[in-house]
Each structure stands twice: as structure tokens, then as C-alpha cells.
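*Asks:* Below is the file upload_26.cif, with mmCIF, C-alpha atoms.
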data_input
#
loop_
_atom_site.label_atom_id
_atom_site.label_comp_id
_atom_site.auth_asym_id
_atom_site.auth_seq_id
_atom_site.Cartn_x
_atom_site.Cartn_y
_atom_site.Cartn_z
CA MET A 1 1.76 -10.00 -12.69
CA ILE A 2 1.08 -6.38 -13.67
CA LYS A 3 2.06 -4.90 -17.02
CA SER A 4 3.39 -1.49 -17.94
CA MET A 5 1.67 0.64 -20.57
CA THR A 6 5.08 1.42 -22.07
CA GLY A 7 5.93 -1.02 -24.83
CA TYR A 8 7.47 -1.61 -28.23
CA GLY A 9 7.03 -4.29 -30.87
CA LYS A 10 8.19 -4.84 -34.45
CA ALA A 11 7.40 -7.43 -37.13
CA GLU A 12 7.77 -7.88 -40.89
CA ALA A 13 5.61 -9.32 -43.67
CA LEU A 14 7.22 -10.44 -46.93
CA LEU A 15 4.86 -9.58 -49.81
CA PRO A 16 5.30 -10.14 -53.56
CA ALA A 17 6.00 -6.43 -54.06
CA GLY A 18 8.44 -6.10 -51.17
CA LYS A 19 8.82 -6.04 -47.38
CA LEU A 20 6.26 -4.46 -45.05
CA THR A 21 7.53 -3.45 -41.59
CA ILE A 22 5.11 -2.85 -38.72
CA GLU A 23 6.21 -0.99 -35.57
CA ILE A 24 4.01 -0.40 -32.52
CA ARG A 25 4.97 1.95 -29.69
CA THR A 26 2.88 2.50 -26.57
CA LEU A 27 2.85 4.98 -23.68
CA ASN A 28 0.52 5.51 -20.73
CA SER A 29 -2.99 6.91 -21.23
CA LYS A 30 -6.37 6.68 -19.51
CA SER A 31 -7.91 4.89 -22.50
CA ALA A 32 -6.94 3.19 -25.77
CA ASP A 33 -5.77 6.04 -28.01
CA ILE A 34 -4.78 4.32 -31.27
CA ASN A 35 -2.94 6.32 -33.95
CA LEU A 36 -2.36 4.65 -37.33
CA LYS A 37 0.48 6.68 -38.78
CA SER A 38 0.46 5.32 -42.34
CA THR A 39 -1.46 5.52 -45.61
CA LEU A 40 -0.45 1.97 -46.56
CA LEU A 41 -3.24 0.29 -44.61
CA PRO A 42 -6.36 -0.32 -46.75
CA LYS A 43 -9.41 1.58 -45.50
CA ASP A 44 -11.53 -1.56 -45.34
CA LYS A 45 -9.01 -3.14 -42.92
CA GLU A 46 -8.57 -0.19 -40.59
CA LEU A 47 -11.50 -1.02 -38.28
CA SER A 48 -10.46 -4.65 -37.82
CA VAL A 49 -6.87 -3.59 -37.10
CA ARG A 50 -8.06 -1.10 -34.47
CA GLN A 51 -10.18 -3.79 -32.83
CA MET A 52 -7.25 -6.22 -32.84
CA ILE A 53 -4.98 -3.63 -31.20
CA ALA A 54 -7.57 -2.56 -28.60
CA GLU A 55 -8.25 -6.17 -27.56
CA ALA A 56 -4.56 -6.99 -27.27
CA LEU A 57 -3.28 -3.82 -25.58
CA VAL A 58 -6.39 -2.62 -23.69
CA ARG A 59 -5.12 0.85 -22.79
CA GLY A 60 -2.44 3.41 -23.64
CA THR A 61 -1.35 5.87 -26.32
CA ILE A 62 -0.64 3.45 -29.16
CA ASP A 63 1.25 4.62 -32.26
CA VAL A 64 1.35 2.24 -35.23
CA PHE A 65 3.87 2.78 -38.04
CA LEU A 66 3.92 0.95 -41.38
CA ALA A 67 6.88 1.16 -43.77
CA PHE A 68 7.25 -0.55 -47.14
CA GLU A 69 10.47 -1.43 -48.96
CA ALA A 70 9.73 -2.40 -52.57
CA ASN A 71 11.77 -5.10 -54.28
CA ALA A 72 13.56 -4.59 -57.62
CA ALA A 73 10.65 -5.79 -59.76
CA ALA A 74 8.19 -3.52 -58.01
CA ASN A 75 10.52 -0.55 -58.45
CA ALA A 76 10.83 -1.09 -62.20
CA ARG A 77 9.23 1.56 -64.41
CA THR A 78 7.09 0.86 -67.49
CA ILE A 79 7.73 2.66 -70.78
CA ASN A 80 4.66 4.35 -72.21
CA ARG A 81 4.81 3.03 -75.78
CA ASP A 82 2.11 5.34 -77.16
CA LEU A 83 3.81 8.39 -75.72
CA VAL A 84 7.20 7.34 -77.14
CA ALA A 85 5.66 6.85 -80.60
CA GLU A 86 4.00 10.26 -80.45
CA TYR A 87 7.19 12.04 -79.39
CA PHE A 88 9.14 10.13 -82.06
CA SER A 89 6.80 11.23 -84.85
CA GLN A 90 6.82 14.83 -83.64
CA VAL A 91 10.62 14.99 -83.52
CA LYS A 92 10.89 13.42 -87.00
CA ALA A 93 8.36 15.96 -88.30
CA LEU A 94 10.72 18.79 -87.35
CA GLY A 95 12.78 17.77 -90.36
CA TYR A 96 16.18 17.44 -88.72
CA ASP A 97 18.66 15.17 -90.46
CA ALA A 98 18.99 12.47 -87.78
CA SER A 99 18.81 8.73 -87.84
CA ASP A 100 15.89 6.89 -86.24
CA GLU A 101 18.25 5.53 -83.58
CA ALA A 102 19.41 9.02 -82.60
CA VAL A 103 15.83 10.34 -82.44
CA LEU A 104 14.71 7.36 -80.35
CA SER A 105 17.68 7.77 -78.02
CA SER A 106 16.71 11.40 -77.41
CA VAL A 107 13.04 10.59 -76.88
CA LEU A 108 13.84 7.95 -74.28
CA ARG A 109 15.51 10.65 -72.17
CA PHE A 110 12.21 12.52 -71.78
CA PRO A 111 11.19 12.38 -68.08
CA ASP A 112 7.54 11.43 -68.61
CA ILE A 113 7.84 8.46 -70.93
CA ALA A 114 8.30 5.93 -68.07
CA ASP A 115 5.56 5.33 -65.49
CA THR A 116 6.10 3.96 -62.02
CA LYS A 117 4.03 0.88 -61.29
CA LYS A 118 1.01 1.74 -59.25
CA GLY A 119 -1.23 -0.34 -57.05
CA ASP A 120 -1.98 -1.15 -53.44
CA VAL A 121 0.94 -2.48 -51.44
CA ILE A 122 -1.46 -4.55 -49.32
CA ASP A 123 -4.21 -6.37 -51.20
CA GLY A 124 -6.82 -8.84 -50.04
CA GLU A 125 -4.95 -11.86 -51.30
CA HIS A 126 -1.94 -11.19 -49.10
CA TRP A 127 -3.79 -9.79 -46.08
CA PRO A 128 -3.27 -12.96 -43.95
CA ALA A 129 0.51 -12.35 -44.00
CA VAL A 130 0.00 -8.73 -42.92
CA GLU A 131 -2.44 -9.75 -40.19
CA ALA A 132 0.07 -12.30 -38.88
CA ALA A 133 2.73 -9.57 -38.75
CA PHE A 134 0.37 -7.33 -36.75
CA LYS A 135 -0.21 -10.14 -34.26
CA GLU A 136 3.51 -10.75 -33.92
CA ALA A 137 4.19 -7.05 -33.32
CA LEU A 138 1.46 -7.03 -30.67
CA ARG A 139 3.00 -10.11 -29.05
CA GLN A 140 6.35 -8.32 -28.89
CA VAL A 141 4.67 -5.31 -27.25
CA ASP A 142 3.10 -7.61 -24.67
CA ILE A 143 6.49 -9.17 -23.86
CA TYR A 144 8.01 -5.70 -23.45
CA ARG A 145 5.12 -4.57 -21.24
CA SER A 146 5.42 -7.65 -19.06
CA ARG A 147 9.15 -7.06 -18.57
CA GLU A 148 8.56 -3.42 -17.63
CA GLY A 149 5.68 -4.47 -15.40
CA ALA A 150 7.93 -6.77 -13.38
CA ALA A 151 10.19 -3.82 -12.57
CA LEU A 152 7.16 -1.68 -11.64
CA TYR A 153 5.85 -4.44 -9.37
CA ASP A 154 9.11 -4.68 -7.44
CA ASP A 155 9.23 -0.91 -7.01
CA ILE A 156 5.67 -0.21 -5.85
CA THR A 157 5.33 -3.25 -3.60
CA GLY A 158 8.63 -2.37 -1.95
CA ARG A 159 7.33 1.15 -1.29
CA VAL A 160 4.05 -0.16 0.15
CA GLY A 161 6.18 -2.27 2.49
CA ASN A 162 8.07 0.90 3.48
CA ILE A 163 4.79 2.64 4.32
CA LEU A 164 3.72 -0.28 6.53
CA ALA A 165 7.07 -0.14 8.33
CA LEU A 166 6.56 3.59 8.91
CA VAL A 167 3.10 2.92 10.37
CA ASP A 168 4.83 0.65 12.91
CA GLU A 169 7.30 3.46 13.59
CA VAL A 170 4.44 5.90 14.21
CA GLU A 171 2.88 3.42 16.60
CA SER A 172 6.11 3.16 18.59
CA HIS A 173 6.04 6.93 19.28
CA GLU A 174 2.42 7.06 20.47
CA PRO A 175 2.91 6.48 24.22
CA GLU A 176 5.46 9.25 24.51
CA ARG A 177 3.31 11.51 22.35
CA LEU A 178 0.26 11.31 24.61
CA THR A 179 2.38 11.73 27.74
CA LEU A 180 4.09 14.78 26.26
CA VAL A 181 0.76 16.34 25.25
CA LYS A 182 -0.54 15.98 28.79
CA GLU A 183 2.66 17.41 30.30
CA ASN A 184 2.59 20.42 27.94
CA ILE A 185 -0.99 21.25 28.90
CA ILE A 186 -0.18 21.05 32.62
CA LYS A 187 2.93 23.23 32.14
CA ALA A 188 0.94 25.80 30.17
CA ALA A 189 -1.62 25.97 32.98
CA GLU A 190 1.13 26.42 35.56
CA ASP A 191 2.79 29.16 33.51
CA LEU A 192 -0.56 30.97 33.35
CA ARG A 193 -1.14 30.27 37.05
CA VAL A 194 -4.42 28.59 36.28
CA LYS A 195 -5.73 26.32 39.03
CA LEU A 196 -7.00 23.06 37.52
CA ASP A 197 -9.78 21.01 38.97
CA PRO A 198 -8.35 17.46 38.94
CA GLU A 199 -11.61 15.69 38.06
CA ARG A 200 -12.60 18.21 35.39
CA PHE A 201 -9.07 18.23 34.03
CA GLU A 202 -9.04 14.45 33.61
CA GLN A 203 -12.40 14.54 31.77
CA GLU A 204 -11.23 17.25 29.42
CA MET A 205 -7.91 15.50 28.90
CA VAL A 206 -9.64 12.26 27.92
CA PHE A 207 -11.85 14.17 25.47
CA TYR A 208 -8.85 16.02 24.00
CA LEU A 209 -6.72 12.90 23.64
CA GLN A 210 -9.59 11.13 21.87
CA LYS A 211 -9.43 13.84 19.21
CA LEU A 212 -5.71 13.14 18.78
CA ASP A 213 -6.16 9.37 18.63
CA ILE A 214 -4.83 7.93 15.35
CA ASN A 215 -5.63 4.28 15.91
CA GLU A 216 -8.43 4.26 13.30
CA GLU A 217 -6.17 5.92 10.74
CA LYS A 218 -3.49 3.28 11.31
CA VAL A 219 -5.99 0.45 10.96
CA ARG A 220 -7.49 1.85 7.77
CA LEU A 221 -4.08 2.60 6.27
CA ARG A 222 -2.94 -0.96 6.88
CA GLN A 223 -6.17 -2.24 5.32
CA HIS A 224 -5.65 -0.02 2.25
CA CYS A 225 -2.09 -1.30 1.90
CA LYS A 226 -3.33 -4.89 2.03
CA TYR A 227 -6.05 -4.12 -0.53
CA PHE A 228 -3.41 -2.51 -2.76
CA MET A 229 -1.25 -5.64 -2.63
CA ASP A 230 -4.21 -7.97 -3.19
CA THR A 231 -5.27 -5.93 -6.22
CA VAL A 232 -1.77 -5.90 -7.71
CA ASP A 233 -1.44 -9.65 -7.26
CA SER A 234 -4.88 -10.73 -8.47
CA GLU A 235 -6.04 -8.41 -11.26
CA PRO A 236 -4.57 -8.36 -14.80
CA CYS A 237 -5.23 -4.65 -15.40
CA PRO A 238 -5.36 -2.97 -11.96
CA GLY A 239 -4.03 0.48 -12.93
CA LYS A 240 -7.25 2.49 -12.57
CA LYS A 241 -8.31 0.80 -9.32
CA LEU A 242 -4.88 1.37 -7.80
CA GLY A 243 -5.36 5.10 -8.35
CA PHE A 244 -8.46 5.07 -6.12
CA ILE A 245 -6.73 3.01 -3.43
CA ILE A 246 -3.80 5.43 -3.43
CA GLN A 247 -6.23 8.31 -2.81
CA GLU A 248 -7.57 6.53 0.27
CA MET A 249 -4.06 5.80 1.52
CA GLY A 250 -3.19 9.48 1.12
CA ARG A 251 -6.27 10.53 3.10
CA GLU A 252 -5.28 8.40 6.10
CA ILE A 253 -1.65 9.57 5.97
CA ASN A 254 -2.72 13.23 5.88
CA THR A 255 -5.10 12.78 8.82
CA THR A 256 -2.35 11.09 10.80
CA GLY A 257 -0.09 14.05 10.14
CA SER A 258 -2.73 16.58 11.20
CA LYS A 259 -3.21 14.76 14.53
CA ALA A 260 0.45 13.97 15.12
CA ASN A 261 1.52 16.56 17.69
CA ASN A 262 4.91 14.87 17.70
CA SER A 263 8.00 15.67 15.65
CA ASP A 264 9.04 12.03 15.18
CA ILE A 265 5.58 11.08 13.95
CA GLN A 266 5.56 14.10 11.60
CA LYS A 267 8.88 12.97 10.14
CA ALA A 268 7.47 9.47 9.56
CA VAL A 269 4.38 10.98 7.91
CA VAL A 270 6.54 13.04 5.55
CA ARG A 271 8.41 9.88 4.55
CA MET A 272 5.11 8.05 4.00
CA LYS A 273 3.92 10.89 1.76
CA ASP A 274 7.14 10.69 -0.23
CA GLU A 275 6.76 6.92 -0.73
CA LEU A 276 3.09 7.31 -1.69
CA GLU A 277 3.86 10.01 -4.25
CA LYS A 278 6.40 7.75 -5.92
CA ILE A 279 3.83 4.93 -5.94
CA ARG A 280 1.31 7.32 -7.51
CA GLU A 281 3.76 8.30 -10.27
CA GLN A 282 4.55 4.67 -11.06
CA SER A 283 0.89 3.61 -10.99
CA LEU A 284 0.10 5.98 -13.86
CA ASN A 285 2.04 3.60 -16.13
CA ILE A 286 0.37 0.40 -14.88
CA LEU A 287 -2.08 -1.19 -17.31
#
What is this file in C-alpha cells?

*Replies:*
Amino acid sequence: MIKSMTGYGKAEALLPAGKLTIEIRTLNSKSADINLKSTLLPKDKELSVRQMIAEALVRGTIDVFLAFEANAAANARTINRDLVAEYFSQVKALGYDASDEAVLSSVLRFPDIADTKKGDVIDGEHWPAVEAAFKEALRQVDIYRSREGAALYDDITGRVGNILALVDEVESHEPERLTLVKENIIKAAEDLRVKLDPERFEQEMVFYLQKLDINEEKVRLRQHCKYFMDTVDSEPCPGKKLGFIIQEMGREINTTGSKANNSDIQKAVVRMKDELEKIREQSLNIL
């Protein structure tokens, strides 16, 4: 079953310092365009993460977001004892008549005497938990893509079926088309008062009708439709190949239209073009 390139996945890793949330969003693209939108990921892990994502998702514009929510202990600030002592001695040296408690209380209000704890959110020791969260987020993306792919499959295969039905409709109008072409040529000759040699006329008519014959186009179009369905059903990532098949289908439909010489066939060709364009739009999102 085909998969869409549109997807979303989310997972969490509980670390000693807090909770790490990983979100992955994907859209259609010709290749794997991976964007790591976070400074939390250690540089030495970035390459392995990219490889993991590329292997799992294959293709698409892939945006990866990391968010960290620190726990209470990690948010706690540390008092700089040396700085407090220095400020305390300086304030006392000013000679104001104030108790040690009052001076200390004032010094502790200084904005720079408490330091926020620093350090990497993700360290080597806890990397396995982060890696597992990445894999879970990727699994969620795959589930989403599969669900979207099922809807895509129903849509495009239904439209291919519509094109095949329209080929049958074109075929049903062929006898009347050839008869009408012949009658129009005879009428034009009569209107111009041109005397036609019966034997020569029949030879020329056969040659002319051969140019208008669309049997080969119908055969090839049906073959392309079958190849399209076989590809969709058998290949895990058929998106790029489907694009080439669609081009060939379009070529046969256009040639049929140029040879039509019949309003009913032209109408059927227009409807085939409409179905094919919708298939083309949908195929751009197939993995």
C-alpha cells in the first residue's frame, strides 16, 4: 500500500533534568530535505539522527522540533558564595550602621549573585532514551503516512478506472466518427462541384482515415493504466515512477484528442485530461 509524504509524529523522553519532546512534521519533496530546528541536539549525534530519519522516511521536507521542559531541580539557581562575600564586605566597608542580617538581606537581592545551572540537556549517558523517542516519533509519522496513503490510493485508482471507462466511451463513438468524416468530405466535394473518381477517392479516403485512426493510442493508454495500477500495488515507494507513467498517459490522451474529429470523443478526452490532472496533483504527495 502506498504512503503519503505528509505526516506527523510526536514522542517524549523523560531525562533526569526534565522532559524532552520530539515532533516531526513532513510534507512532499523530491528528496529527503531534513531540517533540525533545535540547538538541543548534540553536534556529535546530528549525523546519526539524520541517517535514522532518512532511512525511515525516505523522502519529503522533514522538519524536526525538539523542546525541553526542565524539572524543579534543574530550574533551581545556585548562589555564588564568593560573589556574596565580596558584595557583603564592600557594603560593610561603606560604614553604614546596619546589622549583618540587614546587609546580607540586601546583598541577596542583587541580580547576579545566583547562577542558573548550565550543562547539556542531552548527554551521552541518557542518549538511548532520546534515541528511543526519535524512533517512536518516526513510527508515528509512518502510521500517519500510511493512513493518508490509503486515502490517496482510493482516489487515484478510482480516477484511473474513470479514464479506462472513458476510453471505452471513445471506442463506442468510433464507427459514427469515421462514417461522419467520410460523409463530410463527400458533401464538401459536392458543394464545390468537384467530380470525384470513385477508385481514387476510396484510396485517398483509406489513407486519410488511417491518419485519424486512434486504435494504437487506445491500446497504449490502457497499457499505461495497467502499468500504473501494477506499480501502485507492488512498489513501496512508487511516487517518482508514477510521474513518468502519468506523462505517457497524457501523451496518448492528447494524441487521441488531436485525431478526434468528433465532438463526443473530444468531450471524453477533456474529461480524461481532468481526471489525469487530478491524479498528477495527488501523485506529487506519494512517497

*Asks:* What separation in Å, quoted to one decimal, exists between atom CA of Ile156 of chain A and atom CA of Ile279 of chain A?

*Replies:*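 Spanning atom CA of Ile156 of chain A to atom CA of Ile279 of chain A is a straight-line distance of 5.5 Å.
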
*Asks:* For the file shown, report as a ChimeraX atom specification the outcome of the PyMOL selection byres ((chain A and resi 158-168) around 12) at residue level.

*Replies:* /A:151-157,169-174,214-230,232,245-246,249-250,252-253,256-257,264-280,282-283

*Asks:* Going by the chain IDs and residue numbers used in this file, which residues fall under the PyMOL selection byres ((chain A and resi 32) around 8)? Write them as a list of chain:residue names.

*Replies:*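 Selected by the PyMOL selection byres ((chain A and resi 32) around 8) here: A:Ser29, A:Lys30, A:Ser31, A:Asp33, A:Ile34, A:Ala54, A:Leu57, A:Val58, A:Arg59, A:Gly60, A:Thr61, A:Ile62.
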
*Asks:* Take the residues from that selection and write them out as a short mmCIF file (atom, residue, chain, number, x, y, z; two decimals), in the coordinates of the input, keeping C-alpha atoms.

*Replies:*
data_model
loop_
_atom_site.label_atom_id
_atom_site.label_comp_id
_atom_site.auth_asym_id
_atom_site.auth_seq_id
_atom_site.Cartn_x
_atom_site.Cartn_y
_atom_site.Cartn_z
CA SER A 29 -2.99 6.91 -21.23
CA LYS A 30 -6.37 6.68 -19.51
CA SER A 31 -7.91 4.89 -22.50
CA ASP A 33 -5.77 6.04 -28.01
CA ILE A 34 -4.78 4.32 -31.27
CA ALA A 54 -7.57 -2.56 -28.60
CA LEU A 57 -3.28 -3.82 -25.58
CA VAL A 58 -6.39 -2.62 -23.69
CA ARG A 59 -5.12 0.85 -22.79
CA GLY A 60 -2.44 3.41 -23.64
CA THR A 61 -1.35 5.87 -26.32
CA ILE A 62 -0.64 3.45 -29.16
#

*Asks:* Fewer than 6 positions away in the same chain doesn't count, so skip those; otherwise give me all residues within 10 Å of segment 18-28 of chain A, counting only C-alpha atoms, as a ChimeraX atom specification.

*Replies:* /A:4-12,34-36,40,53,57,59-75,121-122,129-130,133-134,136-138,140-141,145,283-287

*Asks:* For the selection you just gave me, I'd like the residues written to a file as a CSV table (one decimal), in the frame of the given file, keeping C-alpha atoms.

*Replies:*
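selection_22.csv, freshly written:
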chain,number,residue,atom,x,y,z
A,4,SER,CA,3.4,-1.5,-17.9
A,5,MET,CA,1.7,0.6,-20.6
A,6,THR,CA,5.1,1.4,-22.1
A,7,GLY,CA,5.9,-1.0,-24.8
A,8,TYR,CA,7.5,-1.6,-28.2
A,9,GLY,CA,7.0,-4.3,-30.9
A,10,LYS,CA,8.2,-4.8,-34.4
A,11,ALA,CA,7.4,-7.4,-37.1
A,12,GLU,CA,7.8,-7.9,-40.9
A,34,ILE,CA,-4.8,4.3,-31.3
A,35,ASN,CA,-2.9,6.3,-34.0
A,36,LEU,CA,-2.4,4.6,-37.3
A,40,LEU,CA,-0.4,2.0,-46.6
A,53,ILE,CA,-5.0,-3.6,-31.2
A,57,LEU,CA,-3.3,-3.8,-25.6
A,59,ARG,CA,-5.1,0.8,-22.8
A,60,GLY,CA,-2.4,3.4,-23.6
A,61,THR,CA,-1.4,5.9,-26.3
A,62,ILE,CA,-0.6,3.4,-29.2
A,63,ASP,CA,1.2,4.6,-32.3
A,64,VAL,CA,1.4,2.2,-35.2
A,65,PHE,CA,3.9,2.8,-38.0
A,66,LEU,CA,3.9,1.0,-41.4
A,67,ALA,CA,6.9,1.2,-43.8
A,68,PHE,CA,7.2,-0.6,-47.1
A,69,GLU,CA,10.5,-1.4,-49.0
A,70,ALA,CA,9.7,-2.4,-52.6
A,71,ASN,CA,11.8,-5.1,-54.3
A,72,ALA,CA,13.6,-4.6,-57.6
A,73,ALA,CA,10.6,-5.8,-59.8
A,74,ALA,CA,8.2,-3.5,-58.0
A,75,ASN,CA,10.5,-0.6,-58.4
A,121,VAL,CA,0.9,-2.5,-51.4
A,122,ILE,CA,-1.5,-4.6,-49.3
A,129,ALA,CA,0.5,-12.4,-44.0
A,130,VAL,CA,0.0,-8.7,-42.9
A,133,ALA,CA,2.7,-9.6,-38.8
A,134,PHE,CA,0.4,-7.3,-36.8
A,136,GLU,CA,3.5,-10.8,-33.9
A,137,ALA,CA,4.2,-7.0,-33.3
A,138,LEU,CA,1.5,-7.0,-30.7
A,140,GLN,CA,6.4,-8.3,-28.9
A,141,VAL,CA,4.7,-5.3,-27.2
A,145,ARG,CA,5.1,-4.6,-21.2
A,283,SER,CA,0.9,3.6,-11.0
A,284,LEU,CA,0.1,6.0,-13.9
A,285,ASN,CA,2.0,3.6,-16.1
A,286,ILE,CA,0.4,0.4,-14.9
A,287,LEU,CA,-2.1,-1.2,-17.3

*Asks:* Give me the residues near Ala102 of chain A as a VMD selection string, where near means some atom within 12 Å (using only C-alpha atoms) and where sequence neighbours in that chain fewer than 5 positions away do not count.

*Replies:* chain A and resid 88 91 to 92 96 to 97 107 to 109

*Asks:* A:Ile79, A:Ala17, A:Lys135, A:Val194: which is nearest Gln51 of chain A, counting all atoms listed in the file?

*Replies:*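 So, comparing all the options, the nearest one is A:Lys135.
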
*Asks:* Between atom CA of Arg50 of chain A and atom CA of Leu14 of chain A, measure the distance and give it in Å to one decimal.

*Replies:* 21.8 Å

*Asks:* Any idea what the distance is between atom CA of Cys237 of chain A and atom CA of Glu148 of chain A?

*Replies:*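 So the answer is 14.0 Å.
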